[in-house]
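Undergrad: To start, I am sharing the structure in question, which I have written as structure tokens.
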Amino acid sequence: MVQSVDGKLLARMLIHASASLNAEKQKINELNVFPVPDGDTGTNMSLTIGTAAAELQKKGPTTVGETTAINASAMLRGARGNSGVILSLIFRGFSKAMKDKESMDGIDLADGLNAGVVAAYKAVMKPAEGTVLTVSRLAGDRAGRAAEENTAFEYVLESAILRAEEALADTINQNPVLKKAGVVDAGGMGFVILLKGMLDELRGIAAPSGEAEPEAKEKADFAAQSLEEITFTFDTVFIVRKNGNPDVDLQPFRDYLNSIGDSLVIGEDDEAFKVHVHTDIPGSALNEAQKYGTLELAKIENMRTQAEDLAAGRQAQSTDDLEAVEAELEGQEAGETDKRYGFVAVAAGDGLAKVFHDLGVDGVISGGQTMNPSTEDILKEIKKTPAEVVYVLPNNKNIIMAAQQCVDLAEGKEIIVLQAKTVPQGISAMIAMDLDAEPGENTAAMEEAMGMVTTMEVTYAARTSTFDGQDIQEGDYLALVDNQLFATEKALDAVLDRLAQEAKNRGGEFINIFYGEGVEESGAQGALERFQAACPDAEITLLRGGQPVYHYLISVE
């Protein structure tokens, strides 16, 4: 029974965990309950920890403190999709608990796991049970009790894994979406595989060298999406400097904020604390904050969209060497704030990129469905943008969480991440932007514009599944309206006809049709004619988007 591990062994364990996740990523992906092609949870978690594995191999740390710090930093910047961001938060908390430690035993492991769980729960707006948060929390709880029984590192890790596997099996009963699909939580499975990979390295079991084949029986067979109800109006985020008092007691402030709002998250270090809260009286929250330090930055948004579901993204290029990237970004920062507002958008396809550039966007990151950019990718573009206030338009629900991590990383700039879930929403937001208005006014106007546009998408089924009792075969054409499955057809024209009729039913006056990279111009003209026939009084524009995966992106206002 291994009593303790040093930094070198821990690094090898994390590298092994990365290989294990990579080998099983498609198996995790198949748990996705929605049949639309995307990068999925397994891919995002694998890419996130893969960034850390590469960094650990380069730097060869010797102490546990060094290993966990390198791992956390790399995962933070390499995080992709919501699942990758949550995984990075767990390891960030783990790293803080292991600071300055030479080695770690079972007690340290339990402390680290539980610190990671606390960090993740604090950062997630509305933690839901039956997810990776549940699995990690129960694993950490068992690790703490196991450490009281036996302080050996191996014993505690094995105990945590056994409890994590039990918790994973129970996620199917905790989440009605998973129960209907007959699958366990994908993020929770990824976390279990990661822990088991670490234990395998500890026991001398060779790491997998390739990607395993998924078991067909574990695939999800339906899709369902739930919406959260907004209780309070304003999404309020601000940073307060502690003015040299690192031990300031924030509990009274927490109690006050909980009394005027919800979704409270407070993150802090020795120098400052950052607050996120939903409230109807943001001014009162800011005034109260000044009792605890100096208000430095604030962002207030009138919420028009909902908190994001855990999902995932893209198979992306490998992350650049972090030290080289940081040096490059530091060099770009100097003197590059020559205007007040700047804009960064995510979009796939040269046609869509041109649209955003024409609307005034400074930098367009190539990405979207199947291609979620990492936090580092977004941060790099933010740093290059010569403005004091930089708006980020993720344009995909699975990219929002990674974009939000940039708020604390882009020093010297105010970062406002709009909750744009689709490209049409991002375009509408840019049209509503007023360069002469104040940030709060612009944010409200852009959010309002995003709420007025209906997004229609045409893609294909990546897997055979069942949705609301309707069989979907792999390769079927799928129509989505505002990210919800609207129709399935064997013929593309039939899907377009149904969307055109829906546009008419919604009273569409302005319709933009962006056709994808695999669509011939003649076919796109046919789509235009179908919408013109259904909506003769609407102003309809056909544009080449060049986007992959989606045959058509359609905005209706």
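In the structure tokens, each chain is lettered A, B, ... as it comes, each chain's residues begin at 1, and ligands are numbered from 1 in order of appearance.
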For Asn150 (chain A), work out the shell of residues within 12 Å, counting only C-alpha atoms and skipping chain neighbours fewer than 5 positions away, then give it as a VMD selection string.
TA: chain A and resid 1 to 4 105 to 107 110 143 to 145 155 to 159
Undergrad: When you look at region 449-457 of chain A with a cut-off of 9 Å (counting only C-alpha atoms), what residues show up, excluding the ones that are within fewer than 3 positions of it in the same chain? I need them as a PyMOL selection string.
TA: chain A and resi 304-305+419-420+422-432+444-446+478-483+499+503+506+550-557
Undergrad: Can you work out the spacing between CA of Phe253 (chain A) and CA of Lys291 (chain A) in Å, to one decimal?
TA: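 For CA of Phe253 (chain A) relative to CA of Lys291 (chain A), the distance reads 9.0 Å.
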Undergrad: Write down as JSON, numbers by chain the residues belonging to region 29-217 of chain A that are assigned alpha helix (DSSP H) by DSSP computed on the backbone.
TA: {"A": [29, 40, 41, 42, 43, 44, 45, 46, 47, 48, 49, 50, 51, 52, 53, 54, 55, 56, 57, 58, 59, 64, 65, 66, 67, 68, 69, 70, 71, 72, 73, 74, 75, 76, 77, 78, 81, 82, 83, 84, 85, 86, 87, 88, 89, 90, 91, 92, 93, 94, 95, 96, 97, 106, 107, 108, 109, 110, 111, 112, 113, 114, 115, 116, 117, 118, 119, 120, 121, 122, 123, 132, 133, 134, 135, 136, 137, 138, 139, 140, 141, 142, 143, 144, 145, 146, 147, 148, 149, 153, 154, 155, 156, 157, 158, 159, 160, 161, 162, 163, 164, 165, 166, 167, 168, 169, 170, 171, 172, 173, 174, 176, 177, 178, 179, 180, 181, 186, 187, 188, 189, 190, 191, 192, 193, 194, 195, 196, 197, 198, 199, 200, 201, 202]}
Undergrad: Would you compute the distance between CA of Lys242 (chain A) and CA of Gly412 (chain A)? Give it in Å to one decimal.
TA: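 These two atoms are separated by 18.0 Å.
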Undergrad: Kindly assemble as JSON lines a list of the region 381-415 of chain A residues that lie within 7 Å of region 341-361 of chain A, each paired with its nearest atom pair and their distance in Å to one decimal, using only C-alpha atoms, sorted first by chain and then by ascending residue number.
TA:
{"residue": "A:Glu381", "atom": "CA", "partner": "A:Val344", "partner_atom": "CA", "distance": 6.9}
{"residue": "A:Ile382", "atom": "CA", "partner": "A:Val344", "partner_atom": "CA", "distance": 6.6}
{"residue": "A:Thr385", "atom": "CA", "partner": "A:Gly342", "partner_atom": "CA", "distance": 6.1}
{"residue": "A:Pro386", "atom": "CA", "partner": "A:Gly342", "partner_atom": "CA", "distance": 6.8}
{"residue": "A:Ala387", "atom": "CA", "partner": "A:Gly342", "partner_atom": "CA", "distance": 5.1}
{"residue": "A:Glu388", "atom": "CA", "partner": "A:Tyr341", "partner_atom": "CA", "distance": 6.2}
{"residue": "A:Val389", "atom": "CA", "partner": "A:Tyr341", "partner_atom": "CA", "distance": 4.9}
{"residue": "A:Val390", "atom": "CA", "partner": "A:Gly342", "partner_atom": "CA", "distance": 4.5}
{"residue": "A:Tyr391", "atom": "CA", "partner": "A:Phe343", "partner_atom": "CA", "distance": 4.8}
{"residue": "A:Val392", "atom": "CA", "partner": "A:Val344", "partner_atom": "CA", "distance": 4.8}
{"residue": "A:Leu393", "atom": "CA", "partner": "A:Ala345", "partner_atom": "CA", "distance": 4.6}
{"residue": "A:Pro394", "atom": "CA", "partner": "A:Val346", "partner_atom": "CA", "distance": 5.2}
{"residue": "A:Asn395", "atom": "CA", "partner": "A:Val346", "partner_atom": "CA", "distance": 6.1}
Undergrad: Counting only C-alpha atoms, what is within 9 Å of Leu435 (chain A), bar same-chain residues fewer than 2 positions away, as a VMD selection string?
TA: chain A and resid 340 to 341 433 437 to 438 442
Undergrad: A:Phe153, A:Leu56, A:Arg80, A:Lys299: which is nearest Pro373 (chain A), counting only C-alpha atoms?
TA: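 Ranking A:Phe153, A:Leu56, A:Arg80, A:Lys299 by distance to Pro373 (chain A), first place goes to A:Arg80.
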Undergrad: Just asking: which residues within region 347-454 of chain A are strand (DSSP E) according to DSSP, as a VMD selection string?
TA: chain A and resid 347 363 to 366 387 to 393 414 to 417 454
Undergrad: Just want the 7 Å neighbourhood of region 276-279 of chain A, counted on only C-alpha atoms, with same-chain residues fewer than 5 positions away dropped. Output as a list in words.
TA: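 Once the nearby chain positions are removed, what remains is Phe232, Thr233, Phe234, Asp235, Thr236, Val237, Phe238, Ile260, Gly261, Asp262, Ser263, Leu264, Val265 and Ile266 of chain A.
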Undergrad: Keeping only C-alpha atoms, write those residues as a PDB file, in the first residue's frame.
TA:
ATOM      1  CA  PHE A 232     -33.749  38.297 -10.100  1.00  0.00           C
ATOM      2  CA  THR A 233     -33.155  40.689 -12.962  1.00  0.00           C
ATOM      3  CA  PHE A 234     -29.549  41.861 -12.847  1.00  0.00           C
ATOM      4  CA  ASP A 235     -26.462  39.722 -13.296  1.00  0.00           C
ATOM      5  CA  THR A 236     -23.954  41.658 -11.181  1.00  0.00           C
ATOM      6  CA  VAL A 237     -20.203  41.026 -11.152  1.00  0.00           C
ATOM      7  CA  PHE A 238     -17.592  43.171  -9.421  1.00  0.00           C
ATOM      8  CA  ILE A 260     -31.105  40.449  -1.714  1.00  0.00           C
ATOM      9  CA  GLY A 261     -30.411  37.913  -4.442  1.00  0.00           C
ATOM     10  CA  ASP A 262     -29.342  34.417  -5.427  1.00  0.00           C
ATOM     11  CA  SER A 263     -26.722  32.561  -7.485  1.00  0.00           C
ATOM     12  CA  LEU A 264     -24.031  34.012  -5.233  1.00  0.00           C
ATOM     13  CA  VAL A 265     -20.384  33.219  -5.928  1.00  0.00           C
ATOM     14  CA  ILE A 266     -17.487  34.912  -4.094  1.00  0.00           C
TER      15      ILE A 266
END
Undergrad: Show me, as a PDB file with N, CA, C and O atoms, in the first residue's frame, the residues that have an atom within 8 Å of Leu542 (chain A) when counting only C-alpha atoms, minus same-chain residues fewer than 6 positions from it.
TA:
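The result, stored in selection-v6.pdb:
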ATOM      1  N   ASN A 512     -32.411  36.364 -42.295  1.00  0.00           N
ATOM      2  CA  ASN A 512     -31.091  36.168 -42.905  1.00  0.00           C
ATOM      3  C   ASN A 512     -30.812  34.670 -42.985  1.00  0.00           C
ATOM      4  O   ASN A 512     -30.961  33.953 -41.982  1.00  0.00           O
ATOM      5  N   ILE A 513     -30.422  34.207 -44.155  1.00  0.00           N
ATOM      6  CA  ILE A 513     -30.113  32.792 -44.360  1.00  0.00           C
ATOM      7  C   ILE A 513     -28.626  32.664 -44.680  1.00  0.00           C
ATOM      8  O   ILE A 513     -28.151  33.174 -45.699  1.00  0.00           O
ATOM      9  N   PHE A 514     -27.873  32.000 -43.791  1.00  0.00           N
ATOM     10  CA  PHE A 514     -26.443  31.759 -44.017  1.00  0.00           C
ATOM     11  C   PHE A 514     -26.268  30.293 -44.400  1.00  0.00           C
ATOM     12  O   PHE A 514     -26.625  29.401 -43.625  1.00  0.00           O
ATOM     13  N   TYR A 515     -25.735  30.044 -45.592  1.00  0.00           N
ATOM     14  CA  TYR A 515     -25.568  28.646 -45.998  1.00  0.00           C
ATOM     15  C   TYR A 515     -24.133  28.175 -45.765  1.00  0.00           C
ATOM     16  O   TYR A 515     -23.176  28.940 -45.845  1.00  0.00           O
ATOM     17  N   ALA A 524     -28.732  26.764 -52.171  1.00  0.00           N
ATOM     18  CA  ALA A 524     -29.034  27.893 -51.291  1.00  0.00           C
ATOM     19  C   ALA A 524     -30.116  28.779 -51.893  1.00  0.00           C
ATOM     20  O   ALA A 524     -30.997  29.286 -51.185  1.00  0.00           O
ATOM     21  N   GLN A 525     -30.079  28.950 -53.215  1.00  0.00           N
ATOM     22  CA  GLN A 525     -31.116  29.738 -53.874  1.00  0.00           C
ATOM     23  C   GLN A 525     -32.482  29.068 -53.710  1.00  0.00           C
ATOM     24  O   GLN A 525     -33.503  29.737 -53.544  1.00  0.00           O
ATOM     25  N   LEU A 528     -33.731  29.938 -50.323  1.00  0.00           N
ATOM     26  CA  LEU A 528     -34.226  31.313 -50.341  1.00  0.00           C
ATOM     27  C   LEU A 528     -35.643  31.380 -50.911  1.00  0.00           C
ATOM     28  O   LEU A 528     -36.530  32.045 -50.356  1.00  0.00           O
TER      29      LEU A 528
END
Undergrad: So, with only C-alpha atoms as the atoms that count, which of A:Asn82, A:Thr459, A:Ser136, A:Ser46 lies closest to Leu14 (chain A)?
TA: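 Smallest separation from Leu14 (chain A) among the options: A:Ser46.
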Undergrad: Determine, counting only C-alpha atoms, which protein, DNA and RNA residues have an atom within 10 Å of an atom of Asp200 (chain A); residues of the same chain fewer than 5 positions away are not included. Present the result as a list in words.
TA: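 The residues that qualify are Met13, His16, Ala17, Ser20, Leu194, Leu195, Ile205, Ala206 and Ala207 of chain A.
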Undergrad: So what do you get for CA of Leu89 (chain A) versus CA of Ala72 (chain A), distance-wise?
TA: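 We find that CA of Leu89 (chain A) and CA of Ala72 (chain A) lie 8.1 Å from each other.
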Undergrad: Using only C-alpha atoms for the distances, tell me which of A:Asn32, A:Asn287, A:Thr151, A:Thr51 is nearest to Gly187 (chain A).
TA: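 For Gly187 (chain A), the nearest of the given residues is A:Asn32.
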